[in-house]
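Structure file structure_32.txt; described as compact mmCIF, C-alpha atoms.
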```
# COMPACT_ATOMS: atom_id res chain seq x y z
CA MET A 1 46.61 -50.44 86.58
CA ILE A 2 44.83 -49.91 83.26
CA ALA A 3 48.08 -48.66 81.71
CA TYR A 4 49.77 -51.98 82.51
CA LEU A 5 46.82 -53.94 81.09
CA VAL A 6 46.81 -51.96 77.81
CA THR A 7 50.57 -52.39 77.44
CA PHE A 8 50.31 -56.12 78.12
CA ILE A 9 47.57 -56.63 75.51
CA MET A 10 49.40 -54.59 72.86
CA ALA A 11 52.71 -56.38 73.48
CA PHE A 12 51.05 -59.80 73.34
CA LEU A 13 49.24 -58.96 70.09
CA LEU A 14 52.51 -57.74 68.54
CA TYR A 15 54.24 -60.96 69.59
CA LEU A 16 51.42 -63.00 68.04
CA VAL A 17 51.78 -61.11 64.77
CA PHE A 18 55.55 -61.60 64.73
CA SER A 19 55.42 -65.33 65.43
CA ALA A 20 52.51 -66.18 63.08
CA GLY A 21 53.12 -69.32 61.03
CA SER A 22 55.51 -70.94 63.51
CA GLY A 23 53.71 -74.16 64.45
CA THR A 24 50.84 -76.59 64.64
CA LEU A 25 48.27 -74.90 66.94
CA TRP A 26 46.42 -73.22 64.02
CA LEU A 27 49.27 -70.77 63.27
CA TRP A 28 51.23 -70.74 66.51
CA SER A 29 53.20 -73.33 68.45
CA PRO A 30 52.46 -73.72 72.21
CA SER A 31 56.00 -72.84 73.26
CA GLU A 32 55.80 -69.57 71.29
CA LEU A 33 52.50 -68.71 73.00
CA LEU A 34 53.97 -69.35 76.47
CA ALA A 35 57.13 -67.37 75.74
CA GLY A 36 55.05 -64.50 74.35
CA PHE A 37 52.82 -64.45 77.43
CA LEU A 38 55.79 -64.29 79.82
CA LEU A 39 57.67 -61.68 77.79
CA SER A 40 54.54 -59.51 77.52
CA LEU A 41 54.09 -59.68 81.31
CA LEU A 42 57.72 -58.59 81.72
CA THR A 43 57.30 -55.76 79.18
CA ALA A 44 54.13 -54.51 80.89
CA ALA A 45 55.80 -54.55 84.32
CA VAL A 46 58.84 -52.63 83.10
CA ALA A 47 57.43 -50.23 80.52
CA GLY A 48 53.74 -49.74 81.38
CA LYS A 49 54.30 -46.41 83.12
CA VAL A 50 56.50 -45.11 80.31
CA LEU A 51 54.43 -46.10 77.29
CA CYS A 52 51.03 -44.92 78.61
CA ARG A 53 51.90 -41.58 80.18
CA GLY A 54 48.68 -39.69 79.46
CA LYS A 55 45.35 -40.23 81.18
CA ASP A 56 43.56 -40.50 77.85
CA TYR A 57 42.68 -44.07 76.82
CA ARG A 58 40.42 -43.32 73.85
CA MET A 59 42.84 -44.94 71.39
CA ALA A 60 42.50 -48.27 73.29
CA ASN A 61 38.92 -48.43 72.00
CA PRO A 62 38.77 -51.37 69.50
CA VAL A 63 36.29 -49.55 67.21
CA ARG A 64 38.77 -46.71 66.65
CA LEU A 65 41.58 -49.20 66.03
CA LEU A 66 39.40 -50.94 63.42
CA ILE A 67 38.54 -47.70 61.59
CA LEU A 68 42.28 -46.95 61.25
CA PRO A 69 43.06 -49.74 58.69
CA VAL A 70 39.85 -48.94 56.79
CA TYR A 71 40.99 -45.32 56.55
CA ILE A 72 44.51 -46.31 55.44
CA LEU A 73 43.34 -48.75 52.75
CA GLY A 74 40.42 -46.63 51.50
CA PRO A 75 40.51 -42.83 51.15
CA PHE A 76 44.15 -42.45 52.24
CA PHE A 77 45.44 -44.89 49.62
CA ILE A 78 43.49 -43.16 46.84
CA GLU A 79 44.95 -39.80 47.89
CA VAL A 80 48.48 -41.22 48.03
CA THR A 81 48.17 -42.62 44.51
CA ARG A 82 46.87 -39.31 43.16
CA ALA A 83 49.65 -37.39 44.94
CA ASN A 84 52.33 -39.67 43.52
CA LEU A 85 51.04 -39.29 39.95
CA ASP A 86 50.99 -35.50 40.49
CA VAL A 87 54.59 -35.41 41.78
CA ALA A 88 55.68 -37.73 38.94
CA TYR A 89 54.23 -35.22 36.47
CA ARG A 90 56.16 -32.41 38.18
CA VAL A 91 59.41 -34.43 38.21
CA ILE A 92 59.16 -35.06 34.48
CA THR A 93 58.05 -31.59 33.35
CA GLY A 94 59.76 -29.47 36.04
CA LYS A 95 56.77 -27.11 36.49
CA ILE A 96 56.91 -26.10 40.18
CA ARG A 97 55.59 -23.13 42.17
CA PRO A 98 56.66 -23.79 45.77
CA GLY A 99 55.64 -21.95 48.93
CA ILE A 100 54.92 -22.41 52.63
CA ILE A 101 51.30 -21.85 53.73
CA ARG A 102 49.62 -21.89 57.14
CA VAL A 103 46.93 -24.49 57.84
CA PRO A 104 44.88 -24.50 61.06
CA SER A 105 44.50 -28.19 61.89
CA GLY A 106 41.49 -27.91 64.24
CA MET A 107 42.59 -31.07 66.09
CA LYS A 108 42.28 -31.06 69.87
CA THR A 109 44.29 -34.20 70.69
CA ASP A 110 47.97 -34.77 70.00
CA PHE A 111 47.32 -38.04 68.17
CA GLY A 112 44.88 -36.30 65.84
CA ALA A 113 47.44 -33.63 64.96
CA PHE A 114 50.06 -36.35 64.45
CA LEU A 115 47.83 -38.31 62.06
CA LEU A 116 46.87 -35.18 60.12
CA ALA A 117 50.50 -34.05 59.81
CA ASN A 118 51.60 -37.46 58.54
CA SER A 119 48.66 -37.67 56.13
CA ILE A 120 49.60 -34.24 54.76
CA THR A 121 53.23 -35.33 54.39
CA LEU A 122 52.37 -38.42 52.37
CA THR A 123 49.55 -36.88 50.28
CA PRO A 124 49.01 -34.19 47.68
CA GLY A 125 52.23 -32.34 46.94
CA THR A 126 52.65 -31.09 50.50
CA ILE A 127 54.97 -31.75 53.44
CA THR A 128 54.53 -30.49 56.98
CA VAL A 129 57.48 -28.30 57.94
CA ASP A 130 56.58 -27.16 61.46
CA ILE A 131 53.75 -27.17 63.98
CA SER A 132 52.84 -24.33 66.33
CA GLU A 133 52.68 -25.68 69.88
CA GLU A 134 49.94 -23.34 71.18
CA THR A 135 47.38 -23.40 68.38
CA ASN A 136 48.18 -26.74 66.64
CA ASP A 137 48.59 -24.80 63.37
CA LEU A 138 50.57 -26.64 60.70
CA PHE A 139 53.05 -24.96 58.36
CA VAL A 140 52.83 -26.82 55.06
CA HIS A 141 55.30 -26.65 52.18
CA ASN A 142 53.33 -26.93 48.96
CA ILE A 143 55.11 -27.89 45.73
CA ASN A 144 52.50 -26.19 43.56
CA VAL A 145 50.65 -23.36 45.30
CA PRO A 146 47.33 -22.79 43.45
CA ALA A 147 46.74 -19.26 42.19
CA GLY A 148 45.34 -16.95 44.86
CA TRP A 149 46.51 -18.93 47.91
CA GLU A 150 49.66 -16.83 48.36
CA THR A 151 47.60 -13.79 49.44
CA ARG A 152 45.37 -15.69 51.91
CA ASP A 153 46.33 -15.76 55.57
CA THR A 154 45.30 -19.36 56.29
CA VAL A 155 44.04 -22.29 54.21
CA GLU A 156 41.60 -24.88 55.57
CA ALA A 157 42.91 -28.45 55.83
CA ARG A 158 39.92 -29.68 53.82
CA GLU A 159 41.01 -27.71 50.75
CA LEU A 160 44.41 -29.48 50.56
CA PHE A 161 42.80 -32.81 49.70
CA GLY A 162 40.99 -33.16 46.42
CA LEU A 163 38.86 -36.30 46.59
CA ALA A 164 38.20 -37.53 50.12
CA ASN A 165 37.41 -35.59 53.30
CA ILE A 166 40.54 -36.64 55.22
CA PRO A 167 40.13 -34.34 58.29
CA ALA A 168 36.63 -35.74 58.95
CA TRP A 169 38.03 -39.30 58.87
CA ILE A 170 40.81 -38.36 61.28
CA ARG A 171 38.30 -36.71 63.61
CA ARG A 172 36.29 -39.94 63.54
CA ILE A 173 39.40 -41.92 64.52
CA ALA A 174 41.14 -39.68 67.04
CA GLU A 175 38.42 -37.53 68.68
CA MET B 1 49.42 -67.68 37.17
CA ILE B 2 47.40 -64.58 38.06
CA ALA B 3 49.60 -64.22 41.14
CA ASP B 4 52.73 -64.16 38.96
CA VAL B 5 51.32 -61.36 36.82
CA LEU B 6 50.34 -59.38 39.94
CA VAL B 7 53.80 -59.86 41.46
CA VAL B 8 55.58 -58.63 38.34
CA ALA B 9 53.15 -55.69 37.95
CA CYS B 10 53.71 -54.55 41.55
CA LEU B 11 57.49 -54.87 41.13
CA VAL B 12 57.40 -52.78 37.94
CA ILE B 13 55.25 -50.06 39.58
CA GLY B 14 57.47 -50.00 42.66
CA THR B 15 60.78 -49.72 40.80
CA ALA B 16 59.35 -47.14 38.39
CA PHE B 17 58.24 -44.88 41.24
CA ASN B 18 61.60 -45.36 42.97
CA CYS B 19 63.35 -44.30 39.73
CA LEU B 20 61.17 -41.18 39.46
CA GLY B 21 61.93 -40.32 43.10
CA ILE B 22 65.67 -40.51 42.48
CA ILE B 23 65.33 -38.39 39.32
CA GLY B 24 63.46 -35.80 41.40
CA LEU B 25 66.17 -35.91 44.05
CA LEU B 26 68.79 -35.15 41.42
CA ARG B 27 66.75 -32.58 39.51
CA PHE B 28 64.77 -30.32 41.88
CA PRO B 29 66.30 -26.97 42.97
CA ASP B 30 66.20 -26.95 46.79
CA VAL B 31 65.93 -29.21 49.82
CA TYR B 32 62.16 -28.94 50.33
CA THR B 33 61.21 -29.87 46.78
CA ARG B 34 63.77 -32.69 46.83
CA MET B 35 62.07 -33.93 49.97
CA HIS B 36 58.74 -33.97 48.10
CA ALA B 37 60.21 -36.33 45.53
CA THR B 38 62.02 -38.67 47.91
CA THR B 39 59.53 -38.91 50.77
CA LYS B 40 56.41 -39.56 48.74
CA MET B 41 57.75 -41.50 45.81
CA THR B 42 60.30 -43.77 47.46
CA THR B 43 57.82 -44.60 50.24
CA PHE B 44 55.15 -45.45 47.67
CA GLY B 45 57.60 -47.45 45.55
CA SER B 46 59.01 -49.39 48.49
CA VAL B 47 55.50 -50.18 49.77
CA PHE B 48 54.67 -51.54 46.31
CA THR B 49 57.77 -53.75 46.19
CA ALA B 50 56.79 -55.02 49.66
CA LEU B 51 53.26 -55.64 48.34
CA SER B 52 54.66 -57.82 45.56
CA VAL B 53 56.54 -59.87 48.18
CA ILE B 54 53.30 -60.21 50.20
CA ILE B 55 51.39 -61.44 47.13
CA TYR B 56 54.23 -63.88 46.36
CA GLY B 57 54.13 -65.24 49.94
CA ALA B 58 50.35 -65.62 49.91
CA ALA B 59 50.39 -67.41 46.55
CA GLN B 60 53.14 -69.78 47.70
CA PHE B 61 51.25 -70.51 50.95
CA ILE B 62 48.08 -71.38 49.02
CA GLY B 63 50.14 -73.51 46.62
CA THR B 64 52.34 -75.40 49.10
CA GLY B 65 50.73 -74.94 52.54
CA ASP B 66 54.11 -74.21 54.12
CA GLY B 67 53.88 -72.04 57.26
CA GLN B 68 57.09 -70.11 56.58
CA TYR B 69 55.41 -68.21 53.73
CA VAL B 70 52.86 -66.81 56.21
CA THR B 71 55.78 -65.58 58.29
CA LEU B 72 57.32 -64.03 55.16
CA ALA B 73 54.12 -62.15 54.25
CA VAL B 74 53.36 -60.93 57.80
CA HIS B 75 56.90 -59.73 58.47
CA THR B 76 56.98 -57.92 55.13
CA LEU B 77 53.70 -56.19 56.03
CA LEU B 78 55.22 -55.04 59.33
CA ALA B 79 58.36 -53.79 57.56
CA ALA B 80 56.25 -51.79 55.08
CA LEU B 81 54.21 -50.24 57.92
CA ALA B 82 57.37 -49.30 59.83
CA LEU B 83 58.82 -47.79 56.64
CA ALA B 84 55.73 -45.66 55.90
CA VAL B 85 55.43 -44.23 59.42
CA THR B 86 59.14 -43.59 60.01
CA ASN B 87 59.68 -41.96 56.59
CA ALA B 88 56.90 -39.43 57.16
CA ILE B 89 58.17 -38.47 60.62
CA GLY B 90 61.81 -38.39 59.51
CA SER B 91 61.13 -36.07 56.58
CA HIS B 92 59.10 -33.79 58.85
CA ALA B 93 62.06 -33.62 61.25
CA ILE B 94 64.57 -32.84 58.46
CA ALA B 95 62.29 -30.11 57.04
CA ARG B 96 61.92 -28.50 60.46
CA GLY B 97 65.67 -28.61 61.07
CA ALA B 98 66.42 -27.17 57.63
CA HIS B 99 64.04 -24.26 58.16
CA ARG B 100 65.46 -23.58 61.64
CA SER B 101 69.00 -23.55 60.26
CA GLY B 102 67.98 -20.73 57.92
CA ILE B 103 67.57 -22.43 54.53
CA LYS B 104 64.98 -20.43 52.59
CA PRO B 105 62.72 -22.24 50.11
CA ALA B 106 63.98 -21.44 46.59
CA GLN B 107 61.60 -19.78 44.09
CA ALA B 108 58.94 -19.55 46.83
CA VAL B 109 55.87 -17.42 46.14
CA VAL B 110 54.88 -17.28 49.84
CA ASP B 111 56.61 -18.18 53.14
CA ARG B 112 54.25 -17.92 56.11
CA LEU B 113 56.67 -19.67 58.50
CA GLY B 114 59.40 -17.09 57.83
CA GLU B 115 57.02 -14.34 59.01
CA VAL B 116 56.45 -15.95 62.45
CA PRO B 117 58.83 -14.61 65.15
CA PRO B 118 60.88 -17.53 66.53
CA MET C 1 60.11 -67.94 40.02
CA THR C 2 62.56 -65.44 41.46
CA ALA C 3 64.05 -63.95 38.28
CA PRO C 4 61.90 -60.74 38.46
CA PHE C 5 63.06 -60.23 42.03
CA ASP C 6 66.71 -60.49 40.94
CA ILE C 7 66.20 -57.75 38.36
CA ALA C 8 64.36 -55.57 40.92
CA VAL C 9 67.25 -55.87 43.40
CA PHE C 10 69.72 -54.87 40.67
CA ILE C 11 67.67 -51.77 39.74
CA LEU C 12 67.31 -50.77 43.41
CA LEU C 13 71.07 -50.98 43.95
CA VAL C 14 71.70 -48.84 40.83
CA LEU C 15 69.28 -46.28 42.31
CA VAL C 16 71.25 -46.32 45.58
CA CYS C 17 74.38 -45.41 43.57
CA LEU C 18 72.49 -42.52 41.91
CA ALA C 19 71.34 -41.25 45.33
CA LEU C 20 74.99 -41.24 46.44
CA VAL C 21 75.63 -38.63 43.70
CA ARG C 22 73.35 -36.21 45.54
CA LEU C 23 75.08 -37.18 48.80
CA VAL C 24 78.42 -36.04 47.34
CA LEU C 25 77.09 -32.95 45.50
CA GLY C 26 74.50 -31.64 47.99
CA PRO C 27 75.23 -28.00 48.80
CA THR C 28 73.86 -28.07 52.38
CA ILE C 29 73.78 -30.58 55.22
CA ALA C 30 70.01 -30.94 54.85
CA ASP C 31 70.40 -32.15 51.27
CA ARG C 32 72.85 -34.80 52.42
CA ALA C 33 70.47 -35.86 55.22
CA VAL C 34 67.68 -36.26 52.64
CA ALA C 35 69.99 -38.34 50.44
CA VAL C 36 70.94 -40.61 53.36
CA ASP C 37 67.27 -41.03 54.24
CA THR C 38 66.53 -42.04 50.65
CA VAL C 39 69.40 -44.53 50.64
CA ASN C 40 68.03 -46.06 53.85
CA THR C 41 64.55 -46.47 52.34
CA LEU C 42 65.97 -48.09 49.21
CA VAL C 43 68.16 -50.45 51.24
CA VAL C 44 65.14 -51.57 53.26
CA ALA C 45 63.23 -52.28 50.03
CA ALA C 46 66.23 -54.16 48.61
CA LEU C 47 66.55 -56.25 51.80
CA ILE C 48 62.86 -57.21 51.62
CA VAL C 49 63.27 -58.36 48.02
CA LEU C 50 66.55 -60.17 48.84
CA GLY C 51 64.62 -62.14 51.47
CA VAL C 52 62.65 -63.68 48.61
CA VAL C 53 65.66 -64.16 46.34
CA TYR C 54 67.59 -66.15 48.97
CA GLN C 55 64.42 -67.65 50.60
CA GLN C 56 65.61 -66.43 54.03
CA ILE C 57 63.08 -64.76 56.34
CA ILE C 58 65.86 -63.37 58.54
CA PHE C 59 66.54 -60.73 55.85
CA ILE C 60 63.11 -59.22 56.47
CA ASP C 61 63.60 -59.10 60.24
CA VAL C 62 66.89 -57.31 59.57
CA ALA C 63 64.97 -54.91 57.30
CA ILE C 64 62.52 -54.01 60.11
CA VAL C 65 65.34 -53.36 62.58
CA TYR C 66 67.28 -51.38 59.95
CA ALA C 67 64.24 -49.18 59.24
CA LEU C 68 63.73 -48.36 62.93
CA LEU C 69 67.45 -47.70 63.61
CA SER C 70 67.83 -45.50 60.53
CA PHE C 71 64.77 -43.55 61.73
CA VAL C 72 66.49 -42.84 65.05
CA SER C 73 69.68 -41.70 63.31
CA THR C 74 67.66 -39.47 60.96
CA LEU C 75 65.98 -37.82 63.95
CA TYR C 76 69.36 -37.13 65.57
CA VAL C 77 70.78 -35.62 62.37
CA ALA C 78 67.66 -33.46 61.98
CA LYS C 79 67.94 -32.20 65.56
CA TYR C 80 71.60 -31.40 64.92
CA ILE C 81 70.77 -29.46 61.75
CA GLY C 82 68.13 -27.44 63.60
CA GLY C 83 70.62 -26.53 66.33
CA GLU C 84 68.62 -28.13 69.14
CA LEU C 85 71.24 -30.63 70.25
```

Can you give me the file's structure in the form of structure tokens?
Amino acid sequence: MIAYLVTFIMAFLLYLVFSAGSGTLWLWSPSELLAGFLLSLLTAAVAGKVLCRGKDYRMANPVRLLILPVYILGPFFIEVTRANLDVAYRVITGKIRPGIIRVPSGMKTDFGAFLLANSITLTPGTITVDISEETNDLFVHNINVPAGWETRDTVEARELFGLANIPAWIRRIAE
Amino acid sequence: MIADVLVVACLVIGTAFNCLGIIGLLRFPDVYTRMHATTKMTTFGSVFTALSVIIYGAAQFIGTGDGQYVTLAVHTLLAALALAVTNAIGSHAIARGAHRSGIKPAQAVVDRLGEVPP
Amino acid sequence: MTAPFDIAVFILLVLVCLALVRLVLGPTIADRAVAVDTVNTLVVAALIVLGVVYQQIIFIDVAIVYALLSFVSTLYVAKYIGGEL
């Protein structure tokens, strides 16, 4: 039951975002609201079981969903800017020292590992190549391996990011 | 007036980062380093061009009060979000496939994934 | 005030042509997949800017759908490269 309700609310919110600015009732026209309500009911009836397969509803918590944009606009954006300037420097000068290192993610939920892997892909000179299914360890390709890391077995996720503590933010959102 | 300057600044930043990404794609030695250039820099550049469109839409809405500019800005925001998420996942998938097909990272100082038994 | 957007579209399309060079040269399939992914990203950006140039919101809806569809095709190509298909 709760899966259908969550799907209905998410679908209706997405419809509202897509049809913003269409009419007179503040931003929406009444016909758009009615059509969105009916289509969201239909979507929930058809796809509720498929979209919410797990029994874990912690991401439906509004507080977590509100921290997510703060995280994206704050520390994540600063890290992305720094990473892009770094890669621009490497494109222009051609100084690279690539290598694949092993990073234990320490995330217990799938969504946490997903967010951490995507954050690593878009931030400092690293892309996630593979993930170990049993231990949630990430294999990270680094464009410029700092001296000394090639002899270490594993590298903590905290050390990849220079300025902000990204793993702590992700733990706050997803766990 | 300020909005015009912001729009042009965002467009210049976006196209400059896109240019650098393409130069990296043409210049780097192997598929992983090329992926560094394209994934990060074209995503960042495209998000900045989208940001200039969002600023343009917001400025026009404040100036004229026409509802279609709200639609323009909101849809552009959704397109930028879709682009950022799908690019990260897509590059991850290509990197995984490339490593599984046996492409070794060129000039690598360490390869921990190659040591793991498949 | 759409002259800057015109110039941006022109530069983006020139960049698409440069990415096609890597698509032709690329020694492995993975390089070509990366080049196609880059072209898709640039086309989405160009569509967004074209929506302003022509003052048509439908271009941006097309850009959203194009981004999602190109994502699906990229996933299929990646699975094929990895030998899991």

Query raised in the report: If you count all atoms listed in the file, which residues fall within 6 Å of range 86-100 of chain B, apart from same-chain ones fewer than 5 positions away, as a ChimeraX atom specification?
Result: /A:118,128-130 /C:30,71,78,81-82

Would you mind exporting C-alpha atoms of the selected residues as an mmCIF file, keeping the file's coordinate frame?
```cif
data_model
loop_
_atom_site.group_PDB
_atom_site.id
_atom_site.type_symbol
_atom_site.label_atom_id
_atom_site.label_comp_id
_atom_site.auth_asym_id
_atom_site.auth_seq_id
_atom_site.Cartn_x
_atom_site.Cartn_y
_atom_site.Cartn_z
ATOM 1 C CA ASN A 118 51.600 -37.460 58.540
ATOM 2 C CA THR A 128 54.530 -30.490 56.980
ATOM 3 C CA VAL A 129 57.480 -28.300 57.940
ATOM 4 C CA ASP A 130 56.580 -27.160 61.460
ATOM 5 C CA ALA C 30 70.010 -30.940 54.850
ATOM 6 C CA PHE C 71 64.770 -43.550 61.730
ATOM 7 C CA ALA C 78 67.660 -33.460 61.980
ATOM 8 C CA ILE C 81 70.770 -29.460 61.750
ATOM 9 C CA GLY C 82 68.130 -27.440 63.600
#
```

Query - Residue nearest Leu68 in chain A - candidates A:Leu27, A:Ala147, A:Leu115, A:Met1, atoms counted: all atoms listed in the file - result: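 Between A:Leu27, A:Ala147, A:Leu115, A:Met1, the residue approaching Leu68 in chain A most closely is A:Leu115.
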
Counting all atoms listed in the file, which residues of chain C fall within 9 Å of chain B, and what is the closest atom pair for each with its distance in Å at one decimal, ordered by chain and rising number, as JSON lines?
```
{"residue": "C:Met1", "atom": "CA", "partner": "B:Asp4", "partner_atom": "CA", "distance": 8.4}
{"residue": "C:Pro4", "atom": "CA", "partner": "B:Val8", "partner_atom": "CA", "distance": 6.7}
{"residue": "C:Phe5", "atom": "CA", "partner": "B:Leu11", "partner_atom": "CA", "distance": 7.8}
{"residue": "C:Ala8", "atom": "CA", "partner": "B:Thr15", "partner_atom": "CA", "distance": 6.9}
{"residue": "C:Ile11", "atom": "CA", "partner": "B:Thr15", "partner_atom": "CA", "distance": 7.3}
{"residue": "C:Leu12", "atom": "CA", "partner": "B:Thr15", "partner_atom": "CA", "distance": 7.1}
{"residue": "C:Leu15", "atom": "CA", "partner": "B:Cys19", "partner_atom": "CA", "distance": 6.8}
{"residue": "C:Val16", "atom": "CA", "partner": "B:Ile22", "partner_atom": "CA", "distance": 8.6}
{"residue": "C:Leu18", "atom": "CA", "partner": "B:Ile22", "partner_atom": "CA", "distance": 7.1}
{"residue": "C:Ala19", "atom": "CA", "partner": "B:Ile22", "partner_atom": "CA", "distance": 6.4}
{"residue": "C:Val21", "atom": "CA", "partner": "B:Leu26", "partner_atom": "CA", "distance": 8.0}
{"residue": "C:Arg22", "atom": "CA", "partner": "B:Leu26", "partner_atom": "CA", "distance": 6.2}
{"residue": "C:Thr28", "atom": "CA", "partner": "B:Val31", "partner_atom": "CA", "distance": 8.4}
{"residue": "C:Ile29", "atom": "CA", "partner": "B:Ala98", "partner_atom": "CA", "distance": 8.5}
{"residue": "C:Ala30", "atom": "CA", "partner": "B:Ala98", "partner_atom": "CA", "distance": 5.9}
{"residue": "C:Asp31", "atom": "CA", "partner": "B:Val31", "partner_atom": "CA", "distance": 5.5}
{"residue": "C:Ala33", "atom": "CA", "partner": "B:Ile94", "partner_atom": "CA", "distance": 7.4}
{"residue": "C:Val34", "atom": "CA", "partner": "B:Met35", "partner_atom": "CA", "distance": 6.6}
{"residue": "C:Ala35", "atom": "CA", "partner": "B:Leu25", "partner_atom": "CA", "distance": 7.8}
{"residue": "C:Asp37", "atom": "CA", "partner": "B:Asn87", "partner_atom": "CA", "distance": 8.0}
{"residue": "C:Thr38", "atom": "CA", "partner": "B:Thr38", "partner_atom": "CA", "distance": 6.3}
{"residue": "C:Thr41", "atom": "CA", "partner": "B:Thr42", "partner_atom": "CA", "distance": 7.0}
{"residue": "C:Leu42", "atom": "CA", "partner": "B:Ser46", "partner_atom": "CA", "distance": 7.1}
{"residue": "C:Val44", "atom": "CA", "partner": "B:Ser46", "partner_atom": "CA", "distance": 8.1}
{"residue": "C:Ala45", "atom": "CA", "partner": "B:Ser46", "partner_atom": "CA", "distance": 5.3}
{"residue": "C:Ala46", "atom": "CA", "partner": "B:Ser46", "partner_atom": "CA", "distance": 8.7}
{"residue": "C:Ile48", "atom": "CA", "partner": "B:Ala50", "partner_atom": "CA", "distance": 6.7}
{"residue": "C:Val49", "atom": "CA", "partner": "B:Val53", "partner_atom": "CA", "distance": 6.9}
{"residue": "C:Gly51", "atom": "CA", "partner": "B:Leu72", "partner_atom": "CA", "distance": 8.4}
{"residue": "C:Val52", "atom": "CA", "partner": "B:Val53", "partner_atom": "CA", "distance": 7.2}
{"residue": "C:Gln56", "atom": "CA", "partner": "B:Leu72", "partner_atom": "CA", "distance": 8.7}
{"residue": "C:Ile57", "atom": "CA", "partner": "B:Leu72", "partner_atom": "CA", "distance": 5.9}
{"residue": "C:Ile60", "atom": "CA", "partner": "B:Thr76", "partner_atom": "CA", "distance": 6.4}
{"residue": "C:Asp61", "atom": "CA", "partner": "B:His75", "partner_atom": "CA", "distance": 7.0}
{"residue": "C:Ala63", "atom": "CA", "partner": "B:Ala79", "partner_atom": "CA", "distance": 6.7}
{"residue": "C:Ile64", "atom": "CA", "partner": "B:Ala79", "partner_atom": "CA", "distance": 4.9}
{"residue": "C:Val65", "atom": "CA", "partner": "B:Ala79", "partner_atom": "CA", "distance": 8.6}
{"residue": "C:Ala67", "atom": "CA", "partner": "B:Leu83", "partner_atom": "CA", "distance": 6.2}
{"residue": "C:Leu68", "atom": "CA", "partner": "B:Ala82", "partner_atom": "CA", "distance": 7.1}
{"residue": "C:Ser70", "atom": "CA", "partner": "B:Thr86", "partner_atom": "CA", "distance": 8.9}
{"residue": "C:Phe71", "atom": "CA", "partner": "B:Thr86", "partner_atom": "CA", "distance": 5.9}
{"residue": "C:Val72", "atom": "CA", "partner": "B:Gly90", "partner_atom": "CA", "distance": 8.5}
{"residue": "C:Thr74", "atom": "CA", "partner": "B:Gly90", "partner_atom": "CA", "distance": 6.1}
{"residue": "C:Leu75", "atom": "CA", "partner": "B:Gly90", "partner_atom": "CA", "distance": 6.1}
{"residue": "C:Val77", "atom": "CA", "partner": "B:Ile94", "partner_atom": "CA", "distance": 7.8}
{"residue": "C:Ala78", "atom": "CA", "partner": "B:Ile94", "partner_atom": "CA", "distance": 4.7}
{"residue": "C:Lys79", "atom": "CA", "partner": "B:Gly97", "partner_atom": "CA", "distance": 6.2}
{"residue": "C:Tyr80", "atom": "CA", "partner": "B:Gly97", "partner_atom": "CA", "distance": 7.6}
{"residue": "C:Ile81", "atom": "CA", "partner": "B:Gly97", "partner_atom": "CA", "distance": 5.2}
{"residue": "C:Gly82", "atom": "CA", "partner": "B:Gly97", "partner_atom": "CA", "distance": 3.7}
{"residue": "C:Gly83", "atom": "CA", "partner": "B:Ser101", "partner_atom": "CA", "distance": 7.0}
{"residue": "C:Glu84", "atom": "CA", "partner": "B:Gly97", "partner_atom": "CA", "distance": 8.6}
```

Range 94-97 of chain A: which residues within 10 Å, counting only C-alpha atoms, same-chain residues fewer than 3 positions away excluded, as an mmCIF file with C-alpha atoms, keeping the file's coordinate frame?
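File produced: out33.cif:
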```
data_model
loop_
_atom_site.group_PDB
_atom_site.id
_atom_site.type_symbol
_atom_site.label_atom_id
_atom_site.label_comp_id
_atom_site.auth_asym_id
_atom_site.auth_seq_id
_atom_site.Cartn_x
_atom_site.Cartn_y
_atom_site.Cartn_z
ATOM 1 C CA VAL A 87 54.590 -35.410 41.780
ATOM 2 C CA ALA A 88 55.680 -37.730 38.940
ATOM 3 C CA TYR A 89 54.230 -35.220 36.470
ATOM 4 C CA ARG A 90 56.160 -32.410 38.180
ATOM 5 C CA VAL A 91 59.410 -34.430 38.210
ATOM 6 C CA ASN A 142 53.330 -26.930 48.960
ATOM 7 C CA ILE A 143 55.110 -27.890 45.730
ATOM 8 C CA ASN A 144 52.500 -26.190 43.560
ATOM 9 C CA VAL A 145 50.650 -23.360 45.300
ATOM 10 C CA PRO A 146 47.330 -22.790 43.450
ATOM 11 C CA ALA A 147 46.740 -19.260 42.190
ATOM 12 C CA GLY B 24 63.460 -35.800 41.400
ATOM 13 C CA ARG B 27 66.750 -32.580 39.510
ATOM 14 C CA PHE B 28 64.770 -30.320 41.880
ATOM 15 C CA PRO B 29 66.300 -26.970 42.970
ATOM 16 C CA THR B 33 61.210 -29.870 46.780
ATOM 17 C CA ALA B 106 63.980 -21.440 46.590
ATOM 18 C CA GLN B 107 61.600 -19.780 44.090
ATOM 19 C CA ALA B 108 58.940 -19.550 46.830
ATOM 20 C CA VAL B 109 55.870 -17.420 46.140
ATOM 21 C CA VAL B 110 54.880 -17.280 49.840
#
```

Report summary line: Nearest to chain A, restricted to only C-alpha atoms and choosing among B:Gln60, B:Ile55, B:Ala9, B:Pro105, comes out as B:Pro105

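Here CA of Val63 in chain A is placed at a distance of 19.7 Å from CA of Asn165 in chain A.
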
Anything within 7 Å of (54.0, -41.7, 49.1): list those residues as an mmCIF file with C-alpha atoms, in the coordinates of the input, counting all atoms listed in the file and sticking to the file's coordinates.
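Final output, saved to selection17.cif:
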```cif
data_model
loop_
_atom_site.group_PDB
_atom_site.id
_atom_site.type_symbol
_atom_site.label_atom_id
_atom_site.label_comp_id
_atom_site.auth_asym_id
_atom_site.auth_seq_id
_atom_site.Cartn_x
_atom_site.Cartn_y
_atom_site.Cartn_z
ATOM 1 C CA VAL A 80 48.480 -41.220 48.030
ATOM 2 C CA ASN A 84 52.330 -39.670 43.520
ATOM 3 C CA LEU A 122 52.370 -38.420 52.370
ATOM 4 C CA THR A 123 49.550 -36.880 50.280
ATOM 5 C CA THR B 39 59.530 -38.910 50.770
ATOM 6 C CA LYS B 40 56.410 -39.560 48.740
ATOM 7 C CA MET B 41 57.750 -41.500 45.810
ATOM 8 C CA THR B 42 60.300 -43.770 47.460
ATOM 9 C CA THR B 43 57.820 -44.600 50.240
ATOM 10 C CA PHE B 44 55.150 -45.450 47.670
#
```
